file model-v6.cif (mmCIF, C-alpha atoms)
data_protein
#
loop_
_atom_site.label_atom_id
_atom_site.label_comp_id
_atom_site.auth_asym_id
_atom_site.auth_seq_id
_atom_site.Cartn_x
_atom_site.Cartn_y
_atom_site.Cartn_z
CA MET A 708 70.12 85.50 76.00
CA THR A 709 72.95 88.04 76.33
CA THR A 710 72.20 91.41 77.92
CA ARG A 711 74.12 94.43 76.64
CA LEU A 712 75.36 96.38 79.67
CA LEU A 713 77.00 99.70 78.84
CA LEU A 714 79.07 101.68 81.33
CA VAL A 715 79.34 105.37 80.49
CA GLY A 716 82.48 106.76 82.08
CA LEU A 717 84.72 105.11 84.61
CA GLY A 718 84.02 106.87 87.87
CA HIS A 719 84.84 105.17 91.17
CA ALA A 720 81.50 103.32 91.32
CA HIS A 721 82.09 101.64 87.96
CA LEU A 722 85.35 100.11 89.17
CA PHE A 723 83.25 97.86 91.40
CA VAL A 724 81.10 96.85 88.44
CA LEU A 725 84.22 95.82 86.51
CA GLU A 726 85.40 93.89 89.56
CA ALA A 727 82.05 92.09 89.75
CA ALA A 728 82.33 91.15 86.06
CA ALA A 729 85.89 89.90 86.54
CA ARG A 730 84.70 87.68 89.39
CA GLY A 731 81.90 86.18 87.33
CA ARG A 732 79.07 88.01 89.09
CA LEU A 733 77.54 89.34 85.86
CA PRO A 734 76.82 86.17 83.88
CA GLY A 735 75.09 86.46 80.53
CA VAL A 736 76.27 90.04 80.08
CA SER A 737 78.07 91.64 77.15
CA LEU A 738 79.90 94.47 78.90
CA SER A 739 81.13 97.65 77.18
CA VAL A 740 82.79 100.75 78.63
CA CYS A 741 82.66 104.19 76.99
CA MET A 742 85.75 106.03 78.20
CA GLY A 743 87.66 108.61 76.17
CA GLU A 744 90.67 108.82 78.49
CA ASP A 745 93.25 106.04 78.70
CA GLU A 746 93.61 106.26 82.49
CA HIS A 747 91.36 106.37 85.51
CA VAL A 748 93.16 108.66 87.96
CA TYR A 749 92.43 108.34 91.66
CA SER A 750 91.82 111.97 92.59
CA GLY A 751 92.61 111.47 96.27
CA MET A 752 96.29 110.97 95.44
CA VAL A 753 96.68 113.85 92.95
CA PRO A 754 97.86 116.38 95.59
CA GLY A 755 100.49 113.85 96.66
CA TRP A 756 101.65 113.56 93.06
CA ILE A 757 101.91 117.35 92.82
CA ARG A 758 104.41 117.33 95.68
CA ASP A 759 106.21 114.20 94.37
CA ARG A 760 104.86 111.92 97.11
CA TYR A 761 103.65 109.47 94.46
CA ARG A 762 104.66 108.46 90.97
CA ALA A 763 102.06 108.80 88.21
CA ASP A 764 101.77 105.02 87.86
CA GLU A 765 100.85 104.73 91.55
CA LEU A 766 97.61 106.69 91.20
CA ALA A 767 96.53 105.80 87.66
CA LEU A 768 94.62 102.74 86.46
CA ASP A 769 95.03 101.64 82.85
CA VAL A 770 91.57 101.58 81.27
CA ASP A 771 92.44 98.93 78.67
CA ALA A 772 93.87 96.68 81.40
CA LEU A 773 90.75 97.15 83.51
CA CYS A 774 88.53 96.22 80.57
CA ALA A 775 90.64 93.16 79.76
CA TRP A 776 90.41 92.03 83.39
CA ALA A 777 86.62 92.39 83.35
CA GLY A 778 86.15 90.89 79.89
CA ALA A 779 84.71 94.21 78.70
CA THR A 780 84.93 95.93 75.33
CA ARG A 781 86.24 99.46 75.49
CA VAL A 782 84.70 102.19 73.34
CA PRO A 783 87.40 104.92 73.37
CA GLN A 784 85.01 107.83 73.01
CA GLN A 785 83.25 110.30 75.27
CA VAL A 786 79.47 110.08 75.40
CA THR A 787 77.60 113.25 74.38
CA GLY A 788 74.01 112.09 74.83
CA VAL A 789 71.72 109.26 75.88
CA ASP A 790 68.48 108.27 74.17
CA ALA A 791 66.84 106.36 77.00
CA ALA A 792 63.76 105.40 75.00
CA GLY A 793 65.77 104.23 72.00
CA ARG A 794 68.40 102.63 74.24
CA VAL A 795 71.40 104.14 72.48
CA VAL A 796 74.14 106.59 73.47
CA GLN A 797 75.65 109.19 71.16
CA LEU A 798 79.44 109.44 70.98
CA ALA A 799 81.69 112.42 70.37
CA ASP A 800 82.57 111.15 66.89
CA GLY A 801 78.90 110.97 65.87
CA ALA A 802 78.55 107.20 66.20
CA THR A 803 76.05 105.47 68.47
CA VAL A 804 76.18 102.44 70.75
CA GLY A 805 73.12 100.42 71.75
CA PHE A 806 72.39 98.95 75.17
CA ASP A 807 69.82 97.00 77.18
CA ARG A 808 70.99 98.42 80.50
CA CYS A 809 73.15 101.52 80.89
CA SER A 810 75.00 102.91 83.90
CA ILE A 811 76.48 106.41 84.06
CA ALA A 812 79.40 107.40 86.30
CA VAL A 813 81.15 110.32 84.65
CA GLY A 814 81.93 112.35 87.76
CA SER A 815 81.47 116.10 87.55
CA ARG A 816 83.06 119.23 86.13
CA PRO A 817 84.30 122.24 88.10
CA ALA A 818 81.49 124.79 88.33
CA GLY A 819 82.00 127.86 86.16
CA ARG A 820 84.58 126.17 83.96
CA ASP A 821 82.56 126.94 80.83
CA THR A 822 80.68 130.03 81.96
CA VAL A 823 83.11 132.35 83.76
CA PRO A 824 85.00 134.42 81.17
CA GLY A 825 88.66 133.54 80.77
CA VAL A 826 88.67 130.31 82.81
CA ALA A 827 89.03 127.99 79.83
CA GLU A 828 91.85 130.08 78.39
CA HIS A 829 93.81 131.09 81.48
CA ALA A 830 93.12 128.69 84.36
CA LEU A 831 94.25 125.12 84.97
CA THR A 832 91.96 122.41 86.35
CA LEU A 833 92.78 119.26 88.30
CA LYS A 834 91.74 116.86 85.52
CA PRO A 835 93.06 115.20 83.46
CA LEU A 836 96.47 114.26 84.84
CA ALA A 837 98.21 115.86 81.85
CA THR A 838 96.79 119.21 82.98
CA VAL A 839 98.12 118.63 86.49
CA ALA A 840 101.52 117.88 84.95
CA THR A 841 101.34 121.29 83.28
CA LEU A 842 100.45 122.79 86.65
CA ARG A 843 103.60 121.31 88.22
CA GLU A 844 105.71 122.64 85.35
CA ARG A 845 104.21 126.11 85.66
CA VAL A 846 104.90 126.18 89.40
CA ASP A 847 108.52 125.16 88.81
CA MET A 848 108.88 127.87 86.16
CA LEU A 849 107.54 130.47 88.57
CA ALA A 850 110.00 129.38 91.24
CA ALA A 851 112.90 129.43 88.77
CA ASN A 852 112.01 132.88 87.48
CA GLY A 853 111.63 134.87 90.67
CA GLY A 854 108.21 133.76 91.86
CA GLY A 855 104.70 135.08 91.48
CA ALA A 856 101.18 134.83 92.81
CA ILE A 857 99.38 131.47 92.69
CA THR A 858 95.61 131.64 93.11
CA ILE A 859 93.37 128.66 93.79
CA VAL A 860 89.70 129.34 93.11
CA GLY A 861 87.61 127.03 95.27
CA GLY A 862 87.72 126.48 99.01
CA GLY A 863 86.65 122.85 99.01
CA LEU A 864 88.86 119.96 100.05
CA ALA A 865 90.39 119.56 96.59
CA GLY A 866 91.49 123.17 96.38
CA LEU A 867 92.82 123.16 99.94
CA GLU A 868 94.88 120.00 99.46
CA VAL A 869 96.34 121.40 96.25
CA ALA A 870 97.31 124.59 98.09
CA PHE A 871 99.16 122.56 100.72
CA ALA A 872 100.79 120.40 98.04
CA LEU A 873 102.01 123.43 96.12
CA ARG A 874 103.55 124.94 99.23
CA ALA A 875 105.36 121.65 99.85
CA ARG A 876 106.60 121.58 96.25
CA LEU A 877 107.92 125.13 96.54
CA ARG A 878 109.72 124.34 99.78
CA ALA A 879 111.33 121.31 98.18
CA TRP A 880 112.44 123.55 95.31
CA ARG A 881 114.03 125.95 97.78
CA ALA A 882 115.88 123.07 99.46
CA ARG A 883 117.24 121.86 96.11
CA MET A 884 118.09 125.33 94.81
CA PRO A 885 118.95 127.45 97.87
CA SER A 886 120.70 130.06 95.75
CA THR A 887 117.54 130.72 93.69
CA SER A 888 115.61 133.72 94.90
CA HIS A 889 111.89 133.19 94.56
CA ARG A 890 108.78 134.43 96.25
CA CYS A 891 105.62 132.52 95.39
CA SER A 892 102.51 133.51 97.29
CA ILE A 893 99.55 131.14 97.46
CA ALA A 894 95.97 132.27 97.98
CA VAL A 895 92.75 130.29 98.25
CA LEU A 896 89.56 132.06 97.19
CA THR A 897 86.12 130.78 98.18
CA GLN A 898 82.75 132.36 97.52
CA ASP A 899 81.42 131.01 100.82
CA ALA A 900 81.23 133.40 103.75
CA SER A 901 83.36 131.02 105.80
CA LEU A 902 85.69 128.08 105.15
CA LEU A 903 83.98 124.66 104.97
CA PRO A 904 80.80 126.05 106.55
CA ALA A 905 79.20 122.63 107.07
CA ARG A 906 82.18 121.37 109.10
CA PRO A 907 83.36 124.10 111.49
CA ARG A 908 85.70 121.90 113.57
CA LEU A 909 87.51 120.68 110.49
CA ALA A 910 87.59 124.26 109.20
CA ALA A 911 89.31 125.46 112.37
CA ARG A 912 92.13 122.95 111.99
CA VAL A 913 92.48 123.72 108.28
CA ARG A 914 92.68 127.48 108.94
CA HIS A 915 95.52 126.88 111.41
CA ALA A 916 97.33 124.77 108.83
CA LEU A 917 96.87 127.46 106.17
CA THR A 918 98.39 130.02 108.52
CA ARG A 919 101.26 127.67 109.37
CA HIS A 920 102.08 127.30 105.68
CA GLU A 921 101.64 131.00 104.82
CA ILE A 922 98.68 130.38 102.54
CA SER A 923 96.17 133.22 102.52
CA LEU A 924 92.43 132.59 102.56
CA HIS A 925 89.83 134.94 101.08
CA THR A 926 86.18 134.19 101.88
CA GLY A 927 83.18 135.77 100.18
CA ALA A 928 85.26 136.01 97.01
CA THR A 929 83.18 135.27 93.92
CA VAL A 930 85.33 135.17 90.79
CA VAL A 931 83.68 136.62 87.67
CA GLY A 932 86.65 136.67 85.30
CA VAL A 933 90.16 135.34 84.77
CA ASP A 934 92.94 136.68 82.58
CA ALA A 935 96.64 135.99 82.19
CA SER A 936 97.67 138.13 85.16
CA ALA A 937 94.72 138.34 87.55
CA VAL A 938 91.31 137.11 88.63
CA THR A 939 88.45 139.58 88.92
CA LEU A 940 86.00 139.40 91.80
CA ALA A 941 82.31 140.29 91.74
CA ARG A 942 82.99 143.30 93.94
CA GLY A 943 85.36 144.65 91.26
CA THR A 944 88.68 143.78 92.91
CA ARG A 945 91.43 142.40 90.71
CA VAL A 946 93.59 139.83 92.48
CA PRO A 947 97.02 139.44 90.82
CA SER A 948 97.62 135.87 89.69
CA ALA A 949 100.49 134.52 87.62
CA LEU A 950 98.98 131.03 87.86
CA THR A 951 95.28 130.38 88.44
CA ILE A 952 93.95 126.95 89.40
CA TRP A 953 90.22 126.35 89.03
CA ALA A 954 89.05 123.95 91.76
CA THR A 955 85.45 124.96 92.30
CA GLY A 956 82.55 122.74 93.34
CA ALA A 957 80.81 120.18 91.16
CA SER A 958 78.65 120.84 88.11
CA PRO A 959 77.11 118.28 85.71
CA PRO A 960 77.70 117.75 81.99
CA ALA A 961 75.26 119.73 79.85
CA TRP A 962 74.22 116.62 77.92
CA PHE A 963 72.27 115.26 80.88
CA ARG A 964 69.49 117.79 80.35
CA SER A 965 69.73 117.85 76.58
CA SER A 966 69.20 114.08 76.61
CA GLY A 967 65.87 114.55 78.36
CA LEU A 968 66.94 112.53 81.40
CA ALA A 969 65.49 113.40 84.81
CA THR A 970 67.69 115.91 86.63
CA ASP A 971 67.60 117.91 89.83
CA ALA A 972 67.61 121.72 89.94
CA ARG A 973 71.37 121.81 89.39
CA GLY A 974 71.30 119.43 86.42
CA PHE A 975 72.59 116.23 88.06
CA LEU A 976 70.85 112.96 87.18
CA ARG A 977 68.02 112.32 89.62
CA VAL A 978 68.06 108.72 90.87
CA ASN A 979 66.14 106.60 93.35
CA GLY A 980 67.66 104.43 96.07
CA HIS A 981 68.37 101.69 93.53
CA LEU A 982 70.40 104.28 91.57
CA GLN A 983 67.92 104.18 88.68
CA VAL A 984 67.33 107.41 86.82
CA GLU A 985 63.77 108.50 87.44
CA GLY A 986 61.52 107.68 84.50
CA ALA A 987 64.14 105.39 82.94
CA PRO A 988 64.57 102.32 85.19
CA HIS A 989 66.96 100.68 82.71
CA VAL A 990 69.39 103.62 83.10
CA PHE A 991 71.45 103.88 86.30
CA ALA A 992 73.79 106.55 87.64
CA ALA A 993 76.19 106.80 90.58
CA GLY A 994 78.85 109.03 92.05
CA ASP A 995 79.10 112.79 91.67
CA CYS A 996 76.94 112.85 88.54
CA ALA A 997 73.92 111.47 90.43
CA SER A 998 71.53 113.21 92.82
CA LEU A 999 69.61 110.99 95.22
CA ALA A 1000 65.92 111.90 95.18
CA ASP A 1001 65.47 110.98 98.85
CA TRP A 1002 68.77 112.52 99.99
CA PRO A 1003 69.36 115.49 97.66
CA ASP A 1004 71.91 117.13 99.97
CA THR A 1005 74.35 114.20 99.84
CA PRO A 1006 77.80 115.79 99.35
CA LYS A 1007 79.67 115.37 96.10
CA ALA A 1008 82.53 113.45 97.67
CA GLY A 1009 84.46 110.39 96.56
CA VAL A 1010 83.57 108.44 99.70
CA PHE A 1011 79.95 108.31 98.58
CA ALA A 1012 80.85 107.14 95.07
CA VAL A 1013 82.96 104.38 96.61
CA ARG A 1014 80.10 103.31 98.90
CA MET A 1015 77.69 103.33 95.95
CA GLY A 1016 79.97 101.05 93.92
CA PRO A 1017 79.16 97.66 95.51
CA VAL A 1018 75.45 98.55 95.67
CA LEU A 1019 75.47 99.45 91.98
CA ALA A 1020 77.27 96.22 91.06
CA ARG A 1021 74.76 94.08 92.97
CA THR A 1022 71.81 96.03 91.57
CA LEU A 1023 73.00 95.73 87.97
CA ALA A 1024 73.58 92.00 88.43
CA ALA A 1025 69.99 91.59 89.65
CA ALA A 1026 68.58 93.87 86.93
CA VAL A 1027 70.22 92.03 84.03
CA ALA A 1028 69.11 88.68 85.49
CA GLU A 1029 65.60 90.12 86.02
CA ARG A 1030 65.71 89.26 89.72
CA PRO A 1031 64.31 91.44 92.54
CA LEU A 1032 66.65 94.31 93.23
CA PRO A 1033 68.73 94.22 96.43
CA PRO A 1034 68.20 96.74 99.27
CA PRO A 1035 68.62 100.34 98.12
CA TYR A 1036 71.61 102.53 98.79
CA THR A 1037 71.41 104.70 101.89
CA PRO A 1038 74.12 107.35 102.30
CA GLN A 1039 75.97 107.32 105.58
CA ARG A 1040 75.15 110.17 107.93
CA HIS A 1041 78.77 110.78 108.95
CA TYR A 1042 81.74 110.19 106.73
CA LEU A 1043 85.49 110.31 107.08
CA THR A 1044 87.44 113.19 105.60
CA LEU A 1045 91.24 113.19 105.44
CA VAL A 1046 93.09 116.36 104.44
CA ASP A 1047 96.79 116.09 103.57
CA THR A 1048 98.57 119.27 104.67
CA GLY A 1049 101.68 118.51 102.62
CA ASP A 1050 104.13 118.46 105.54
CA GLY A 1051 103.93 114.82 106.54
CA ARG A 1052 100.79 115.52 108.54
CA ALA A 1053 97.07 115.28 107.79
CA ILE A 1054 93.76 116.22 109.38
CA ALA A 1055 90.97 113.71 109.99
CA SER A 1056 87.32 114.55 110.52
CA ARG A 1057 84.16 112.52 111.02
CA GLY A 1058 81.07 114.14 112.46
CA GLU A 1059 82.17 116.21 115.44
CA TRP A 1060 85.46 114.35 115.84
CA THR A 1061 88.72 115.72 114.45
CA ALA A 1062 92.37 114.77 114.81
CA GLU A 1063 95.67 115.80 113.29
CA GLY A 1064 99.16 114.38 113.03
CA ARG A 1065 101.62 112.23 111.15
CA TRP A 1066 99.65 109.12 112.01
CA VAL A 1067 96.67 110.56 110.10
CA ALA A 1068 98.88 111.08 107.04
CA TRP A 1069 100.05 107.46 107.32
CA TRP A 1070 96.41 106.32 107.61
CA LYS A 1071 95.37 108.32 104.53
CA ASP A 1072 98.30 106.95 102.54
CA GLN A 1073 97.39 103.37 103.44
CA LEU A 1074 93.73 103.82 102.55
CA ASP A 1075 94.58 105.46 99.20
CA ARG A 1076 97.16 102.87 98.22
CA ARG A 1077 94.85 100.01 99.22
CA PHE A 1078 91.99 101.37 97.11
CA VAL A 1079 94.13 101.71 93.99
CA ALA A 1080 95.80 98.33 94.51
CA ARG A 1081 92.40 96.62 94.76
CA PHE A 1082 91.84 97.27 91.05
CA GLN A 1083 95.35 97.89 89.74
CA ARG A 1084 96.97 94.59 90.73
CA PRO A 1085 94.42 92.16 89.21
CA ALA A 1086 94.10 94.33 86.09
CA ARG A 1087 97.85 94.22 85.55
CA ARG A 1088 97.91 90.45 86.04
CA ALA A 1089 95.16 90.12 83.42
CA THR A 1090 97.42 91.67 80.80
#

call {"tool": "encode", "arguments": {"input": "model-v6.cif", "output": "structure tokens"}}
result
Amino acid sequence: MTTRLLLVGLGHAHLFVLEAAARGRLPGVSLSVCMGEDEHVYSGMVPGWIRDRYRADELALDVDALCAWAGATRVPQQVTGVDAAGRVVQLADGATVGFDRCSIAVGSRPAGRDTVPGVAEHALTLKPLATVATLRERVDMLAANGGGAITIVGGGLAGLEVAFALRARLRAWRARMPSTSHRCSIAVLTQDASLLPARPRLAARVRHALTRHEISLHTGATVVGVDASAVTLARGTRVPSALTIWATGASPPAWFRSSGLATDARGFLRVNGHLQVEGAPHVFAAGDCASLADWPDTPKAGVFAVRMGPVLARTLAAAVAERPLPPPYTPQRHYLTLVDTGDGRAIASRGEWTAEGRWVAWWKDQLDRRFVARFQRPARRAT
């Protein structure tokens, strides 16, 4: 009997499920993938693409090629709801798709994207890649037309790496066009009282790098509005901004709650150690969109989604075969963070240990390229 396994989204964890299918580890399964975008973009390499360190094809995975490799059927639509009891998902075009087992890995959205006035109209986000391409074009236009203020809202690792990448891009512009007069300031705004408050040693190195690259940092800065020329803070200050980039922390899709699925206080899908959504053991979730019931403070970071991937693949294989589930996922206590500072150097941090240098940038580059190649090469051969 064939089991219908439906993957909603193509977050990092689902890449390992496709790999398992391609290697024959999901026998008796009819696999489908609901994914509206044509590419899976590895977010860890996006700052490098902003500063022309990578080509677009080096950080993007073709979704159709991945599905062909795994023997999966692609449904080119975004999911807008899940009926766990009826075992169907609703699609953006109004159609539905049935399933026996369903796994959700749709990542997250930047917090405030849909609630802070003016963000949708006047700020750029870091997804999809087409939006980042617009970001690069806007930066080049600013440089060519005398400069302006660039504001990055969000003091997490994504926003910081983008700030460093933009400074590198502007310096490269100056080297190519030395006769062009431009002054582009870059500011990072975070609502936290301090930078990276959970990791003070990493924060100290990052602050030094920000100073080195003339990037200003504003802590305790809660943005309540964005318009074409400024961002407005909760304290009433208007910060001039010719280009605003919205890189805030994670928030979940609204359809999680409207679907009646179990969620935590923030709206992320609440899962057990086997990555099953509470109250719906035939529905699984992993990555940023999931909240572990036993470890609710697990950071929304790609390293956890990657670690969840093999566990999810093994668990789904056991579930569809109706075998006992393998040992549950346990998040690592300490995890590696690598921050590219855009100047050929990077900062590494794990627990209390930190390091910085060109060798760290080389290490990060190797890890990123190896991750993408793991899925990109066999998928390309399959087509």

call {"tool": "closest_residue", "arguments": {"input": "model-v6.cif", "among": "A:Ile811, A:Val1010, A:Leu842, A:Met742", "to": "Gln1039 (chain A)", "atoms": "only C-alpha atoms"}}
result
A:Val1010

call {"tool": "residues_around", "arguments": {"input": "model-v6.cif", "residues": "Ser810 (chain A)", "least_positions_apart": "5", "cutoff": "6 Å", "atoms": "only C-alpha atoms", "output": "ChimeraX atom specification"}}
result
/A:714,990-992

call {"tool": "resolve_selection", "arguments": {"input": "model-v6.cif", "expression": "the PyMOL selection byres ((chain A and resi 1064) around 10)", "output": "MDAnalysis selection string"}}
result
chainID A and resid 1047:1048 1050:1055 1062:1063 1065:1069

call {"tool": "resolve_selection", "arguments": {"input": "model-v6.cif", "expression": "the PyMOL selection byres ((chain A and resi 1019) around 9)", "output": "list in words"}}
result
Ala720, His721, Phe723, Val724, Ser810, His981, Leu982, Phe991, Ala992, Ala993, Met1015, Gly1016, Pro1017, Val1018, Ala1020, Arg1021, Thr1022, Leu1023, Ala1024 and Tyr1036 of chain A

call {"tool": "resolve_selection", "arguments": {"input": "model-v6.cif", "expression": "the PyMOL selection byres ((chain A and resi 868) around 9)", "output": "MDAnalysis selection string"}}
result
chainID A and resid 754:755 863:867 869:873 1046:1049

call {"tool": "atom_distance", "arguments": {"input": "model-v6.cif", "atom1": "CA of Ala772 (chain A)", "atom2": "CA of Val748 (chain A)"}}
result
13.7 Å

call {"tool": "atom_distance", "arguments": {"input": "model-v6.cif", "atom1": "CA of Val895 (chain A)", "atom2": "CA of Thr926 (chain A)"}}
result
8.5 Å

call {"tool": "residues_near_point", "arguments": {"input": "model-v6.cif", "point": "(95.5, 135.8, 102.4)", "cutoff": "10 Å", "atoms": "only C-alpha atoms", "output": "list in words"}}
result
Ser892, Ile893, Ala894, Val895, Leu896, Leu917, Thr918, Glu921, Ile922, Ser923, Leu924, His925 and Thr926 of chain A

call {"tool": "closest_atom_pairs", "arguments": {"input": "model-v6.cif", "of": "region 986-1081 of chain A", "to": "region 935-958 of chain A", "cutoff": "12 Å", "atoms": "only C-alpha atoms", "output": "tab-separated table"}}
result
residue	atom	partner	partner_atom	distance
A:Gly994	CA	A:Ala957	CA	11.4
A:Asp995	CA	A:Ala957	CA	7.6
A:Cys996	CA	A:Ser958	CA	8.2
A:Ala997	CA	A:Ser958	CA	10.7
A:Ser998	CA	A:Ser958	CA	11.4
A:Pro1006	CA	A:Ala957	CA	9.8
A:Lys1007	CA	A:Ala957	CA	7.0
A:Ala1008	CA	A:Ala957	CA	9.5
A:Gly1009	CA	A:Ala957	CA	11.8

call {"tool": "atom_distance", "arguments": {"input": "model-v6.cif", "atom1": "CA of Gln797 (chain A)", "atom2": "CA of Leu1032 (chain A)"}}
result
28.1 Å

call {"tool": "closest_residue", "arguments": {"input": "model-v6.cif", "among": "A:Ala972, A:Ala1080, A:Ala875, A:Ala961", "to": "Val789 (chain A)", "atoms": "all atoms listed in the file"}}
result
A:Ala961

call {"tool": "residues_around", "arguments": {"input": "model-v6.cif", "residues": "Gly751 (chain A)", "least_positions_apart": "2", "cutoff": "7 Å", "atoms": "only C-alpha atoms", "output": "count of residues only"}}
result
3

call {"tool": "axis_aligned_box", "arguments": {"input": "model-v6.cif", "around": "region 797-802 of chain A", "padding_each_side": "8 Å", "output": "lines of an AutoDock Vina configuration file"}}
result
center_x = 79.1
center_y = 109.8
center_z = 68.5
size_x = 22.9
size_y = 21.2
size_z = 21.3

call {"tool": "residues_around", "arguments": {"input": "model-v6.cif", "residues": "region 902-908 of chain A", "least_positions_apart": "3", "cutoff": "7 Å", "atoms": "all atoms listed in the file", "output": "PyMOL selection string"}}
result
chain A and resi 862-863+899+911-912+926+1059+1061

call {"tool": "closest_residue", "arguments": {"input": "model-v6.cif", "among": "A:Ala928, A:Leu968, A:Val826, A:Ala910", "to": "Ser1056 (chain A)", "atoms": "only C-alpha atoms"}}
result
A:Ala910

call {"tool": "residues_around", "arguments": {"input": "model-v6.cif", "residues": "Ala777 (chain A)", "least_positions_apart": "4", "cutoff": "7 Å", "atoms": "all atoms listed in the file", "output": "PyMOL selection string"}}
result
chain A and resi 725-726+728-729+773

call {"tool": "closest_residue", "arguments": {"input": "model-v6.cif", "among": "A:Ser965, A:Thr710, A:Thr780, A:Thr822", "to": "Ser739 (chain A)", "atoms": "all atoms listed in the file"}}
result
A:Thr780

call {"tool": "residues_around", "arguments": {"input": "model-v6.cif", "residues": "Cys891 (chain A)", "least_positions_apart": "4", "cutoff": "9 Å", "atoms": "all atoms listed in the file", "output": "PyMOL selection string"}}
result
chain A and resi 846+849-850+853-857+874+877
